[in-house]
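work.txt (compact mmCIF, C-alpha atoms and all ligand atoms)
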```txt
# COMPACT_ATOMS: atom_id res chain seq x y z
CA MET A 47 76.07 82.95 140.34
CA ALA A 48 77.24 84.96 137.38
CA ALA A 49 80.97 85.09 136.84
CA ASP A 50 82.59 88.39 137.71
CA PRO A 51 83.71 89.82 134.38
CA HIS A 52 86.69 91.50 136.07
CA ALA A 53 88.02 88.38 137.70
CA ALA A 54 91.60 87.59 136.82
CA PRO A 55 92.11 84.50 134.71
CA THR A 56 93.57 82.38 137.43
CA THR A 57 92.50 79.33 139.25
CA PRO A 58 89.28 79.55 141.27
CA GLY A 59 89.84 80.75 144.80
CA ASP A 60 92.76 82.98 143.87
CA SER A 61 91.95 86.29 145.52
CA THR A 62 95.08 88.11 144.34
CA ASN A 63 94.25 91.62 143.16
CA HIS A 64 96.36 91.64 140.02
CA GLY A 65 95.06 95.03 138.90
CA LEU A 66 96.14 96.68 142.13
CA ARG A 67 99.58 95.08 141.90
CA VAL A 68 100.06 96.30 138.35
CA VAL A 69 98.93 99.80 139.30
CA LEU A 70 101.26 99.91 142.32
CA VAL A 71 104.28 98.72 140.37
CA TRP A 72 103.38 101.13 137.59
CA LEU A 73 103.10 104.11 139.96
CA ILE A 74 106.40 103.35 141.67
CA LEU A 75 108.32 102.79 138.43
CA SER A 76 106.74 105.84 136.78
CA ALA A 77 107.66 108.03 139.75
CA ILE A 78 111.26 106.88 139.36
CA ALA A 79 111.50 106.80 135.54
CA THR A 80 109.71 110.04 134.63
CA PRO A 81 112.07 112.49 136.40
CA LEU A 82 115.08 110.44 135.25
CA VAL A 83 113.93 110.69 131.62
CA ALA A 84 113.11 114.40 131.97
CA ILE A 85 116.42 115.27 133.61
CA PHE A 86 118.92 112.95 131.93
CA VAL A 87 117.42 112.06 128.53
CA GLY A 88 115.34 115.14 127.63
CA PRO A 89 118.13 117.71 127.32
CA HIS A 90 120.00 115.47 124.85
CA ILE A 91 117.13 115.18 122.41
CA PRO A 92 117.80 117.14 119.17
CA PRO A 93 118.06 119.72 117.76
CA GLY A 94 120.31 121.37 120.39
CA ASN A 95 120.67 124.84 121.84
CA ALA A 96 121.99 126.91 118.94
CA THR A 97 118.96 129.23 118.81
CA VAL A 98 115.95 130.27 120.87
CA GLN A 99 113.78 128.18 118.54
CA SER A 100 115.90 125.02 118.77
CA GLU A 101 116.01 125.38 122.56
CA GLY A 102 112.22 125.58 122.51
CA GLN A 103 112.08 122.37 120.51
CA VAL A 104 114.43 120.60 122.92
CA PHE A 105 112.15 121.69 125.78
CA ASP A 106 109.06 120.42 123.89
CA ASN A 107 110.75 117.10 123.22
CA GLN A 108 111.75 116.93 126.89
CA VAL A 109 108.17 117.53 128.05
CA MET A 110 106.64 115.08 125.58
CA THR A 111 109.18 112.34 126.31
CA ALA A 112 108.56 112.74 130.04
CA PHE A 113 104.84 112.75 129.35
CA VAL A 114 104.86 109.42 127.48
CA THR A 115 107.18 107.75 130.00
CA PRO A 116 104.34 106.61 132.33
CA VAL A 117 102.44 105.28 129.31
CA LEU A 118 105.46 103.27 128.21
CA VAL A 119 106.06 102.05 131.78
CA LEU A 120 102.43 100.93 132.05
CA LEU A 121 102.73 98.89 128.85
CA ALA A 122 106.00 97.35 130.03
CA VAL A 123 104.68 96.53 133.52
CA PHE A 124 101.43 95.11 132.16
CA PHE A 125 103.31 92.99 129.64
CA ALA A 126 105.95 91.77 132.10
CA TYR A 127 103.40 91.07 134.83
CA GLY A 128 101.21 89.14 132.41
CA LEU A 129 104.11 87.06 131.17
CA TRP A 130 105.38 86.39 134.67
CA THR A 131 102.08 85.62 136.40
CA PHE A 132 99.90 84.05 133.77
CA HIS A 133 102.33 82.04 131.68
CA VAL A 134 101.25 78.43 131.19
CA ARG A 135 103.44 75.91 132.89
CA ARG A 136 104.30 72.57 131.39
CA ASN A 137 101.36 70.10 131.38
CA GLU A 138 98.94 72.80 132.45
CA ALA A 139 95.67 73.53 130.71
CA VAL A 140 95.40 76.94 129.06
CA LEU A 141 92.97 79.01 131.07
CA ASP A 142 91.59 82.21 129.67
CA GLY A 143 89.67 84.80 131.64
CA PRO A 144 86.18 85.92 130.68
CA PRO A 145 86.18 88.69 128.06
CA ILE A 146 85.52 92.19 129.35
CA ARG A 147 82.66 93.80 127.46
CA ASN A 148 80.68 96.98 128.02
CA ASP A 149 82.30 97.88 131.28
CA PRO A 150 81.27 101.51 131.83
CA ARG A 151 84.08 102.16 134.32
CA ILE A 152 86.78 101.07 131.88
CA GLN A 153 85.14 102.89 128.99
CA LEU A 154 84.86 106.10 130.98
CA LEU A 155 88.41 105.86 132.29
CA TRP A 156 89.72 105.19 128.78
CA ILE A 157 87.87 108.15 127.28
CA VAL A 158 88.75 110.56 130.09
CA ILE A 159 92.44 109.63 130.29
CA THR A 160 93.14 109.59 126.55
CA MET A 161 91.10 112.75 125.94
CA THR A 162 92.89 114.62 128.74
CA MET A 163 96.27 113.57 127.38
CA VAL A 164 95.46 114.52 123.79
CA LEU A 165 93.90 117.86 124.78
CA PHE A 166 96.85 118.68 127.02
CA LEU A 167 99.30 117.93 124.20
CA ALA A 168 97.21 119.95 121.72
CA GLY A 169 97.13 122.93 124.10
CA PHE A 170 100.81 122.64 124.94
CA GLY A 171 101.75 122.29 121.26
CA THR A 172 99.66 125.31 120.25
CA TYR A 173 101.12 127.44 123.02
CA GLU A 174 104.65 126.41 122.05
CA LEU A 175 103.99 127.07 118.35
CA LEU A 176 103.06 130.64 119.19
CA ALA A 177 106.15 131.16 121.32
CA ASP A 178 108.82 132.93 119.25
CA GLY A 179 107.49 131.50 116.01
CA SER A 180 108.89 128.06 116.91
CA GLY A 181 111.09 127.97 113.82
CA GLY A 182 108.35 126.94 111.39
CA GLY A 183 107.31 128.63 108.15
CA GLN A 184 104.21 130.75 108.77
CA GLY A 185 103.36 131.91 105.28
CA PRO A 186 103.48 135.53 104.13
CA ASN A 187 101.73 136.99 107.19
CA PRO A 188 103.23 135.41 110.31
CA ILE A 189 101.20 135.64 113.50
CA ALA A 190 103.83 134.28 115.90
CA VAL A 191 106.47 136.99 115.74
CA PRO A 192 109.30 136.77 118.27
CA SER A 193 109.84 139.68 120.58
CA HIS A 194 112.98 141.50 119.49
CA HIS A 195 114.63 144.85 119.71
CA GLY A 196 114.68 146.74 116.44
CA PRO A 197 113.98 145.37 112.98
CA PRO A 198 114.95 141.77 112.36
CA PHE A 199 117.77 140.87 109.99
CA GLN A 200 116.24 139.64 106.76
CA VAL A 201 117.53 136.85 104.59
CA GLN A 202 115.70 135.47 101.61
CA VAL A 203 116.13 131.76 101.07
CA ILE A 204 115.65 130.75 97.46
CA GLY A 205 115.33 127.06 96.67
CA GLN A 206 115.85 125.76 93.18
CA GLN A 207 116.78 122.41 91.69
CA TRP A 208 119.16 121.65 93.38
CA GLN A 209 120.63 124.27 95.61
CA PHE A 210 119.78 127.07 98.00
CA THR A 211 120.72 130.69 97.36
CA TYR A 212 120.67 133.24 100.17
CA ARG A 213 119.87 136.85 99.42
CA TYR A 214 120.63 139.68 101.84
CA PRO A 215 118.44 142.77 101.16
CA SER A 216 120.34 144.86 103.73
CA LEU A 217 123.63 144.14 101.92
CA GLY A 218 122.46 145.54 98.61
CA GLY A 219 120.69 142.38 97.50
CA LEU A 220 123.89 140.38 97.88
CA GLU A 221 123.42 136.74 96.94
CA SER A 222 125.51 133.87 98.18
CA ASN A 223 125.35 130.12 98.29
CA GLU A 224 126.67 130.29 101.86
CA LEU A 225 124.29 131.07 104.68
CA TYR A 226 126.10 133.33 107.15
CA LEU A 227 124.12 134.79 110.03
CA PRO A 228 125.13 137.28 112.71
CA GLU A 229 125.17 136.07 116.31
CA ASN A 230 122.60 137.16 118.91
CA SER A 231 120.19 138.41 116.25
CA THR A 232 116.61 137.90 115.27
CA ILE A 233 116.63 136.62 111.70
CA GLU A 234 113.59 136.85 109.48
CA LEU A 235 113.86 134.21 106.78
CA HIS A 236 111.78 134.59 103.64
CA VAL A 237 111.69 131.18 102.05
CA THR A 238 110.65 130.76 98.44
CA SER A 239 111.41 128.62 95.39
CA LEU A 240 112.04 129.14 91.71
CA ASP A 241 110.76 125.79 90.49
CA ALA A 242 109.61 122.74 92.45
CA VAL A 243 108.50 122.56 96.08
CA HIS A 244 111.53 122.40 98.36
CA SER A 245 111.89 122.62 102.10
CA PHE A 246 114.51 124.70 103.84
CA TRP A 247 115.67 122.75 106.87
CA ALA A 248 118.46 124.24 108.98
CA TYR A 249 118.49 121.41 111.45
CA GLU A 250 120.64 122.77 114.29
CA LEU A 251 118.88 126.15 114.10
CA GLY A 252 115.51 124.48 114.64
CA VAL A 253 114.12 125.95 111.42
CA LYS A 254 112.10 124.18 108.79
CA ALA A 255 109.98 125.94 106.19
CA ASP A 256 108.47 124.93 102.88
CA ALA A 257 109.92 126.65 99.83
CA ASN A 258 107.05 127.00 97.37
CA PRO A 259 107.25 128.88 94.07
CA GLY A 260 105.39 132.18 94.25
CA VAL A 261 105.06 132.05 98.05
CA ASP A 262 106.90 134.15 100.62
CA ASN A 263 107.10 131.79 103.58
CA VAL A 264 108.38 133.63 106.65
CA ALA A 265 110.20 131.84 109.47
CA TYR A 266 112.00 133.34 112.45
CA VAL A 267 115.16 132.28 114.15
CA GLN A 268 117.01 133.96 117.02
CA THR A 269 120.68 133.09 117.04
CA HIS A 270 122.90 132.74 120.09
CA GLY A 271 126.70 132.55 119.83
CA PRO A 272 128.87 131.43 116.90
CA THR A 273 128.18 127.93 115.58
CA THR A 274 128.03 125.92 112.40
CA PHE A 275 124.92 124.23 111.10
CA HIS A 276 123.66 122.13 108.23
CA VAL A 277 121.04 123.00 105.68
CA ARG A 278 119.19 120.29 103.84
CA CYS A 279 116.31 120.24 101.43
CA ALA A 280 113.61 118.25 103.23
CA GLU A 281 111.17 117.81 100.38
CA LEU A 282 111.70 115.34 97.56
CA CYS A 283 112.31 117.75 94.69
CA GLY A 284 113.75 115.72 91.87
CA LEU A 285 116.71 113.64 90.81
CA TRP A 286 119.45 115.40 92.84
CA HIS A 287 117.36 116.12 95.92
CA PRO A 288 119.71 114.11 98.19
CA TYR A 289 122.57 116.40 97.17
CA MET A 290 120.67 119.59 97.95
CA PHE A 291 122.50 120.59 101.12
CA ASN A 292 125.17 122.91 102.40
CA ASN A 293 126.66 124.25 105.61
CA GLY A 294 125.99 127.53 107.29
CA ARG A 295 127.62 129.55 110.05
CA VAL A 296 126.56 131.87 112.80
CA VAL A 297 129.46 134.28 113.36
CA ASP A 298 130.24 137.32 115.47
CA SER A 299 129.64 140.80 114.16
CA ALA A 300 133.22 141.45 112.96
CA GLN A 301 133.39 138.15 111.11
CA PHE A 302 130.01 138.81 109.56
CA GLN A 303 131.11 142.22 108.27
CA ALA A 304 134.32 140.71 106.85
CA TRP A 305 132.38 137.95 105.16
CA ALA A 306 129.85 140.43 103.74
CA LYS A 307 132.65 142.60 102.29
CA GLN A 308 134.32 139.60 100.70
CA GLN A 309 131.02 138.36 99.26
CA GLN A 310 130.15 141.82 97.96
CA ARG A 311 133.43 141.89 96.04
CA ILE A 312 132.52 138.61 94.38
CA PHE A 313 128.94 139.72 93.87
CA ALA A 314 129.95 143.05 92.26
CA SER A 315 130.84 141.35 88.99
CA ILE A 316 127.41 139.70 88.77
CA LYS A 317 125.24 142.50 90.09
CA PRO A 318 124.94 144.65 86.93
CA PHE A 319 123.88 141.53 85.09
CA MET A 320 121.16 140.80 87.65
CA ASP A 321 119.83 144.37 87.68
CA LYS A 322 119.33 144.25 83.92
CA PRO A 323 115.93 143.26 82.57
CA GLU A 324 115.75 139.79 81.12
CA SER A 325 115.10 141.16 77.61
CA ASP A 326 118.43 142.93 77.89
CA GLY A 327 120.43 139.86 78.80
CA GLY A 328 119.73 139.98 82.56
CA ALA A 329 119.41 136.87 84.65
CA PRO A 330 115.87 135.53 84.20
CA TYR A 331 115.41 134.47 87.81
CA SER A 332 115.98 137.95 89.20
CA HIS A 333 112.41 138.90 88.29
CA ILE A 334 110.51 136.14 89.97
CA TYR A 335 111.55 136.43 93.61
CA LEU A 336 108.37 136.89 95.54
CA PRO A 337 107.99 139.35 97.12
CA ALA A 338 111.00 141.57 97.84
CA PRO A 339 111.66 140.74 101.51
CA ASP A 340 113.01 144.21 102.36
CA ARG A 341 109.46 145.52 102.08
CA ARG A 342 108.78 144.05 105.49
CA ALA A 343 111.73 145.81 107.17
CA GLY A 344 111.01 147.98 110.18
CU CU B 401 114.79 120.46 97.05
```

Written as structure tokens, how would this file's structure read?
Ligand SMILES: [Cu+2]
Amino acid sequence: MAADPHAAPTTPGDSTNHGLRVVLVWLILSAIATPLVAIFVGPHIPPGNATVQSEGQVFDNQVMTAFVTPVLVLLAVFFAYGLWTFHVRRNEAVLDGPPIRNDPRIQLLWIVITMTMVLFLAGFGTYELLADGSGGGQGPNPIAVPSHHGPPFQVQVIGQQWQFTYRYPSLGGLESNELYLPENSTIELHVTSLDAVHSFWAYELGVKADANPGVDNVAYVQTHGPTTFHVRCAELCGLWHPYMFNNGRVVDSAQFQAWAKQQQRIFASIKPFMDKPESDGGAPYSHIYLPAPDRRAG
């Protein structure tokens, strides 16, 4: 009689259904672990709840972590069960089971399960990417525009070796090295670079967008209440790349106006210089911002 290729590698006469045991333990542990992970671990996964986009990312991380929990539990149960049941005792011969080859049931199960999981994640990820822009850079013509009331507040983010400058078209082209944003607003970030490829990463805001020279990379973020956040360059851009960071703040409307006034006073001394053509002693970089972000207003 031909040996059953699915027989467990145990002594002859052992009728224990190891597969069924593993599946039962797996189902029970998964049913316990998955909701625990979703409820207690998921909400604490970065980047936090500072914006609509970061909240969306926390939710995505929550779903994906819950989704992989049964997979992880299966590996752990399989491994633990194998170690516990099939370990070789002292003075015992090492018995190995027959190899499993060309089993159509296993092949089909493997293909169906993995394909379903991957397709689900692809669909879920695509849907989530289109929801509110998801905080990623979408190039000059974004397709995932968040729903908002009225025109968004525009800020141009200009990367250069090795700092970020923030330009506010609605404040007379005010430039600052501090990123201040008004609370409860839809912000339209236009990310670009003057030299190398940088990446604007405002971690707590859930925003990350490449800063490429000559490219207007648009990213959206919808702020909630006042908070502070960090900005880092997330693309190796030269010698001082690790020092290319600063802090930003989301503030209430009154604080934002006060900050804008103060910055405009500082900016006033530089502005005439920036408005001048380069041939006339103007700042050379003022001519290569691409394109003027206020063109998209409205
Ligand atoms: Cu950089």

Dump as a Markdown table the rows for residues of chain A within 7 Å of ligand CU 401 (chain B): closest atom pair and distance in Å with one decimal, all atoms listed in the file counted, ordered by chain and rising residue number.
```
| residue | atom | partner | partner_atom | distance |
| --- | --- | --- | --- | --- |
| A:Gly205 | CA | B:CU401 | CU | 6.6 |
| A:Gln206 | CA | B:CU401 | CU | 6.6 |
| A:Gln207 | CA | B:CU401 | CU | 6.0 |
| A:Trp208 | CA | B:CU401 | CU | 5.8 |
| A:Val243 | CA | B:CU401 | CU | 6.7 |
| A:His244 | CA | B:CU401 | CU | 4.0 |
| A:Ser245 | CA | B:CU401 | CU | 6.2 |
| A:Cys279 | CA | B:CU401 | CU | 4.6 |
| A:Ala280 | CA | B:CU401 | CU | 6.7 |
| A:Glu281 | CA | B:CU401 | CU | 5.6 |
| A:Leu282 | CA | B:CU401 | CU | 6.0 |
| A:Cys283 | CA | B:CU401 | CU | 4.4 |
| A:His287 | CA | B:CU401 | CU | 5.2 |
| A:Met290 | CA | B:CU401 | CU | 6.0 |
```

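Our summary of the geometry notes that CA of Phe210 (chain A) is positioned 26.3 Å from CA of Val104 (chain A).
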
Practice prompt. Record the distance separating CA of Gly179 (chain A) and CA of Asp241 (chain A), expressed in Å with one decimal.
Written response: 26.4 Å

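Those residues that approach Ser76 (chain A) to within 10 Å, counting all atoms listed in the file, are Leu70, Leu82, Ala112, Thr115, Pro116, Val117, Leu118, Val119 and Leu120 of chain A; same-chain residues fewer than 6 positions away are not listed.
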
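Here the question is which of A:Trp72, A:Phe86, A:Trp156, A:Phe199 gets nearest to Ala126 (chain A) using all atoms listed in the file, and that residue is A:Trp72.
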
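With all atoms listed in the file as the basis for measurement, A:Ala242 is the residue among A:Val237, A:Ile85, A:Val264, A:Ala242 that approaches Leu285 (chain A) most closely.
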
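The residue that comes closest to Leu235 (chain A), out of A:Ile74, A:Ala314, A:Val201, A:Val261 and on the basis of all atoms listed in the file, is A:Val201.
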
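Taking only C-alpha atoms into account, Ser193 (chain A) lies nearest to A:Val98 out of the set A:Val98, A:Ala77, A:Leu220, A:Leu240.
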
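Note that CA of Gln202 (chain A) and CA of Asp106 (chain A) are 27.7 Å apart.
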
Item to complete: Select, from A:Asn95, A:Ser216, A:Gln184, A:Asn293, the residue with the minimum atom-to-atom distance to Asp262 (chain A), counting only C-alpha atoms.
Response: A:Gln184
